[in-house]
Amino acid sequence: MSVKILIKRHVPVSSHHDLTTLLHKMRSLTLKQPGYISGQTLQRIDDPTEWVVDSNWRSKEEWDEWFRSQERTAVQAEIDALLGRETEYAVYEYL
């Protein structure tokens with residue numbers, strides 16, 4: 001069953017450019033992953049420091065494999081260091 005992952009980050013305005021660069025790096029790696037369907041990055045209108053990535057996967061197992069991968073965790077460590085806080089993840093299944 002396919003799943004939707006919502007990834008929330010709080011991004012200081014001064015870090016927008018650097019985060020965009022890292023998200024492009026992450027997206028280029030994600031595109032090569034088995035089970036990846038699609039994704040998009042959204043910025044909240046009334047709070048431009050809140051960004052959400054909406055990521056769609058064929059299965060939770062394929063998402064979990066990507067989540068645990070060395071490639072992803074290396075880029076994610078750079079993102080968390082830039083932002084000074086951990087990224088929030090929520091996994092949803094389609095009903």
# chains A, B, ... in the order shown; residues from 1 in each chain; ligands from 1
>>> closest_atom_pairs(of="segment 3-66 of chain A", to="segment 88-91 of chain A", cutoff="8 Å", atoms="only C-alpha atoms", output="tab-separated table")
residue	atom	partner	partner_atom	distance
A:Val3	CA	A:Val91	CA	6.9
A:Lys4	CA	A:Val91	CA	6.0
A:Ile5	CA	A:Val91	CA	4.6
A:Leu6	CA	A:Ala90	CA	5.2
A:Ile7	CA	A:Tyr89	CA	4.7
A:Lys8	CA	A:Glu88	CA	5.1
A:Arg9	CA	A:Glu88	CA	6.6
>>> select_by_dssp(residues="segment 13-56 of chain A", states="strand (DSSP E)", output="NGL selection string")
:A and (36-43 or 50-56)
>>> residues_around(residues="Trp51 of chain A", least_positions_apart="5", cutoff="8 Å", atoms="only C-alpha atoms", output="list of chain:residue names")
A:Lys8, A:Arg9, A:His10, A:Val11, A:Thr41, A:Leu42, A:Gln43, A:Arg44
>>> write_last_selection(atoms="N, CA and C atoms", output="compact mmCIF listing (two decimals), in the first residue's frame")
# COMPACT_ATOMS: atom_id res chain seq x y z
N LYS A 8 8.47 18.06 7.96
CA LYS A 8 8.35 19.47 8.33
C LYS A 8 9.68 19.99 8.87
N ARG A 9 10.02 21.19 8.38
CA ARG A 9 11.25 21.85 8.83
C ARG A 9 10.95 23.31 9.15
N HIS A 10 11.65 23.82 10.16
CA HIS A 10 11.57 25.23 10.51
C HIS A 10 12.87 25.87 10.05
N VAL A 11 12.75 26.82 9.12
CA VAL A 11 13.90 27.33 8.38
C VAL A 11 14.05 28.83 8.60
N THR A 41 7.95 20.38 -2.46
CA THR A 41 8.31 21.18 -1.31
C THR A 41 7.37 22.38 -1.24
N LEU A 42 6.81 22.61 -0.06
CA LEU A 42 5.86 23.70 0.14
C LEU A 42 6.37 24.63 1.24
N GLN A 43 6.11 25.92 1.06
CA GLN A 43 6.45 26.91 2.07
C GLN A 43 5.15 27.53 2.56
N ARG A 44 5.00 27.58 3.86
CA ARG A 44 3.76 28.11 4.44
C ARG A 44 3.63 29.61 4.16
>>> residues_around(residues="Arg58 of chain A", least_positions_apart="2", cutoff="7 Å", atoms="only C-alpha atoms", output="compact mmCIF listing (two decimals) with all heavy atoms, in the first residue's frame")
# COMPACT_ATOMS: atom_id res chain seq x y z
N MET A 1 0.84 -1.18 0.00
CA MET A 1 0.00 0.00 0.00
C MET A 1 0.89 1.24 0.00
O MET A 1 1.85 1.32 0.75
CB MET A 1 -0.90 -0.01 1.23
CG MET A 1 -1.74 1.24 1.36
SD MET A 1 -2.90 1.18 2.72
CE MET A 1 -4.08 0.02 2.07
N SER A 2 0.55 2.22 -0.84
CA SER A 2 1.37 3.42 -0.93
C SER A 2 1.21 4.29 0.32
O SER A 2 0.20 4.22 1.01
CB SER A 2 1.05 4.21 -2.19
OG SER A 2 -0.28 4.61 -2.20
N VAL A 3 2.24 5.10 0.58
CA VAL A 3 2.25 5.96 1.75
C VAL A 3 2.66 7.38 1.36
O VAL A 3 3.33 7.59 0.36
CB VAL A 3 3.19 5.43 2.85
CG1 VAL A 3 2.68 4.11 3.42
CG2 VAL A 3 4.61 5.29 2.37
N GLY A 35 10.71 2.62 -5.33
CA GLY A 35 9.50 2.91 -4.59
C GLY A 35 9.12 4.37 -4.51
O GLY A 35 8.00 4.70 -4.13
N TYR A 36 10.04 5.25 -4.89
CA TYR A 36 9.72 6.68 -4.85
C TYR A 36 8.75 7.01 -5.98
O TYR A 36 8.97 6.64 -7.12
CB TYR A 36 10.99 7.53 -4.97
CG TYR A 36 10.71 9.01 -4.99
CD1 TYR A 36 10.33 9.68 -3.84
CD2 TYR A 36 10.82 9.73 -6.18
CE1 TYR A 36 10.06 11.05 -3.87
CE2 TYR A 36 10.56 11.09 -6.22
CZ TYR A 36 10.19 11.74 -5.05
OH TYR A 36 9.92 13.09 -5.08
N ILE A 37 7.67 7.72 -5.67
CA ILE A 37 6.68 8.10 -6.67
C ILE A 37 6.81 9.57 -7.04
O ILE A 37 6.99 9.92 -8.19
CB ILE A 37 5.25 7.79 -6.18
CG1 ILE A 37 5.09 6.29 -5.94
CG2 ILE A 37 4.21 8.31 -7.17
CD1 ILE A 37 3.80 5.91 -5.24
>>> select_by_dssp(residues="segment 20-76 of chain A", states="alpha helix (DSSP H)", output="NGL selection string")
:A and (20-30 or 60-68 or 70-76)
>>> closest_residue(among="A:Val13, A:Trp66, A:Lys60, A:Asp54", to="Ser38 of chain A", atoms="only C-alpha atoms")
A:Asp54
>>> residues_around(residues="Arg27 of chain A", least_positions_apart="4", cutoff="12 Å", atoms="only C-alpha atoms", output="number ranges by chain")
A: 19-23, 31-33, 36-41, 53-55, 66, 71-72, 75-76
>>> residues_around(residues="Pro12 of chain A", least_positions_apart="3", cutoff="10 Å", atoms="only C-alpha atoms", output="mmCIF file with N, CA and C atoms, in the first residue's frame")
data_model
loop_
_atom_site.group_PDB
_atom_site.id
_atom_site.type_symbol
_atom_site.label_atom_id
_atom_site.label_comp_id
_atom_site.auth_asym_id
_atom_site.auth_seq_id
_atom_site.Cartn_x
_atom_site.Cartn_y
_atom_site.Cartn_z
ATOM 1 N N ARG A 9 10.021 21.188 8.382
ATOM 2 C CA ARG A 9 11.254 21.849 8.826
ATOM 3 C C ARG A 9 10.947 23.308 9.148
ATOM 4 N N SER A 15 18.618 31.064 6.130
ATOM 5 C CA SER A 15 19.059 29.739 5.667
ATOM 6 C C SER A 15 18.286 29.235 4.447
ATOM 7 N N HIS A 16 17.355 30.021 3.922
ATOM 8 C CA HIS A 16 16.526 29.564 2.801
ATOM 9 C C HIS A 16 17.368 29.107 1.605
ATOM 10 N N LEU A 19 19.348 25.849 2.416
ATOM 11 C CA LEU A 19 18.469 24.691 2.519
ATOM 12 C C LEU A 19 17.976 24.267 1.135
ATOM 13 N N PRO A 48 6.675 31.942 6.575
ATOM 14 C CA PRO A 48 7.647 31.464 5.588
ATOM 15 C C PRO A 48 8.829 30.694 6.172
ATOM 16 N N THR A 49 8.890 30.581 7.487
ATOM 17 C CA THR A 49 9.951 29.765 8.085
ATOM 18 C C THR A 49 9.546 28.296 8.194
ATOM 19 N N GLU A 50 8.288 27.973 7.889
ATOM 20 C CA GLU A 50 7.830 26.577 7.937
ATOM 21 C C GLU A 50 7.769 26.001 6.523
ATOM 22 N N LEU A 82 22.405 22.744 9.645
ATOM 23 C CA LEU A 82 22.096 24.077 9.123
ATOM 24 C C LEU A 82 20.954 24.722 9.903
ATOM 25 N N LEU A 83 19.913 23.940 10.187
ATOM 26 C CA LEU A 83 18.723 24.486 10.826
ATOM 27 C C LEU A 83 18.824 24.556 12.346
ATOM 28 N N GLY A 84 19.736 23.786 12.912
ATOM 29 C CA GLY A 84 19.899 23.798 14.362
ATOM 30 C C GLY A 84 18.814 23.051 15.108
#
>>> closest_residue(among="A:Ala81, A:Leu29, A:Ile45, A:Pro34", to="Glu61 of chain A", atoms="only C-alpha atoms")
A:Pro34
>>> decode(residues="segment 75-88 of chain A", atoms="all heavy atoms", output="tab-separated table (two decimals), in the first residue's frame")
chain	number	residue	atom	x	y	z
A	75	VAL	N	22.96	13.56	4.07
A	75	VAL	CA	22.40	14.86	3.66
A	75	VAL	C	21.51	15.40	4.77
A	75	VAL	O	21.53	16.59	5.07
A	75	VAL	CB	21.64	14.74	2.33
A	75	VAL	CG1	20.99	16.08	1.96
A	75	VAL	CG2	22.56	14.27	1.22
A	76	GLN	N	20.74	14.53	5.41
A	76	GLN	CA	19.86	14.98	6.48
A	76	GLN	C	20.66	15.56	7.64
A	76	GLN	O	20.22	16.54	8.26
A	76	GLN	CB	18.98	13.83	6.97
A	76	GLN	CG	17.95	14.26	8.00
A	76	GLN	CD	17.02	15.33	7.46
A	76	GLN	OE1	16.43	15.19	6.40
A	76	GLN	NE2	16.90	16.42	8.19
A	77	ALA	N	21.81	15.01	7.93
A	77	ALA	CA	22.66	15.55	9.00
A	77	ALA	C	23.09	16.98	8.64
A	77	ALA	O	23.13	17.86	9.52
A	77	ALA	CB	23.87	14.65	9.21
A	78	GLU	N	23.40	17.23	7.38
A	78	GLU	CA	23.75	18.58	6.94
A	78	GLU	C	22.57	19.53	7.11
A	78	GLU	O	22.75	20.68	7.55
A	78	GLU	CB	24.17	18.59	5.47
A	78	GLU	CG	25.49	17.92	5.17
A	78	GLU	CD	25.83	18.02	3.70
A	78	GLU	OE1	26.13	19.16	3.24
A	78	GLU	OE2	25.78	16.98	3.00
A	79	ILE	N	21.38	19.06	6.77
A	79	ILE	CA	20.17	19.88	6.91
A	79	ILE	C	19.92	20.23	8.37
A	79	ILE	O	19.71	21.38	8.73
A	79	ILE	CB	18.95	19.16	6.29
A	79	ILE	CG1	19.09	19.11	4.76
A	79	ILE	CG2	17.65	19.85	6.71
A	79	ILE	CD1	18.07	18.24	4.07
A	80	ASP	N	19.96	19.23	9.25
A	80	ASP	CA	19.70	19.47	10.67
A	80	ASP	C	20.76	20.39	11.28
A	80	ASP	O	20.43	21.24	12.11
A	80	ASP	CB	19.62	18.15	11.43
A	80	ASP	CG	18.34	17.38	11.11
A	80	ASP	OD1	17.40	17.95	10.51
A	80	ASP	OD2	18.29	16.17	11.44
A	81	ALA	N	22.02	20.25	10.84
A	81	ALA	CA	23.08	21.13	11.34
A	81	ALA	C	22.82	22.57	10.89
A	81	ALA	O	22.99	23.52	11.67
A	81	ALA	CB	24.44	20.65	10.86
A	82	LEU	N	22.40	22.74	9.64
A	82	LEU	CA	22.10	24.08	9.12
A	82	LEU	C	20.95	24.72	9.90
A	82	LEU	O	21.01	25.90	10.26
A	82	LEU	CB	21.74	23.99	7.63
A	82	LEU	CG	21.22	25.27	6.98
A	82	LEU	CD1	22.34	26.31	6.89
A	82	LEU	CD2	20.64	24.97	5.61
A	83	LEU	N	19.91	23.94	10.19
A	83	LEU	CA	18.72	24.49	10.83
A	83	LEU	C	18.82	24.56	12.35
A	83	LEU	O	18.05	25.25	12.99
A	83	LEU	CB	17.50	23.65	10.44
A	83	LEU	CG	17.23	23.57	8.93
A	83	LEU	CD1	15.98	22.76	8.67
A	83	LEU	CD2	17.14	24.95	8.31
A	84	GLY	N	19.74	23.79	12.91
A	84	GLY	CA	19.90	23.80	14.36
A	84	GLY	C	18.81	23.05	15.11
A	84	GLY	O	18.63	23.22	16.31
A	85	ARG	N	18.08	22.22	14.40
A	85	ARG	CA	17.04	21.41	15.02
A	85	ARG	C	16.74	20.23	14.12
A	85	ARG	O	17.04	20.24	12.95
A	85	ARG	CB	15.79	22.22	15.30
A	85	ARG	CG	15.13	22.74	14.04
A	85	ARG	CD	14.07	23.80	14.26
A	85	ARG	NE	13.04	23.41	15.20
A	85	ARG	CZ	12.08	24.20	15.61
A	85	ARG	NH1	12.00	25.43	15.15
A	85	ARG	NH2	11.18	23.79	16.46
A	86	GLU	N	16.10	19.22	14.71
A	86	GLU	CA	15.78	18.01	13.95
A	86	GLU	C	14.55	18.23	13.09
A	86	GLU	O	13.65	18.99	13.43
A	86	GLU	CB	15.54	16.83	14.90
A	86	GLU	CG	16.81	16.35	15.57
A	86	GLU	CD	16.60	15.09	16.37
A	86	GLU	OE1	15.57	14.41	16.19
A	86	GLU	OE2	17.47	14.78	17.18
A	87	THR	N	14.54	17.53	11.99
A	87	THR	CA	13.42	17.52	11.06
A	87	THR	C	12.32	16.62	11.62
A	87	THR	O	12.61	15.61	12.25
A	87	THR	CB	13.90	17.01	9.69
A	87	THR	OG1	14.89	17.94	9.19
A	87	THR	CG2	12.78	16.88	8.70
A	88	GLU	N	11.06	17.00	11.41
A	88	GLU	CA	9.92	16.21	11.88
A	88	GLU	C	9.36	15.38	10.72
A	88	GLU	O	9.22	15.89	9.61
A	88	GLU	CB	8.83	17.13	12.41
A	88	GLU	CG	9.28	18.01	13.56
A	88	GLU	CD	8.24	19.06	13.90
A	88	GLU	OE1	7.02	18.75	13.83
A	88	GLU	OE2	8.64	20.18	14.22
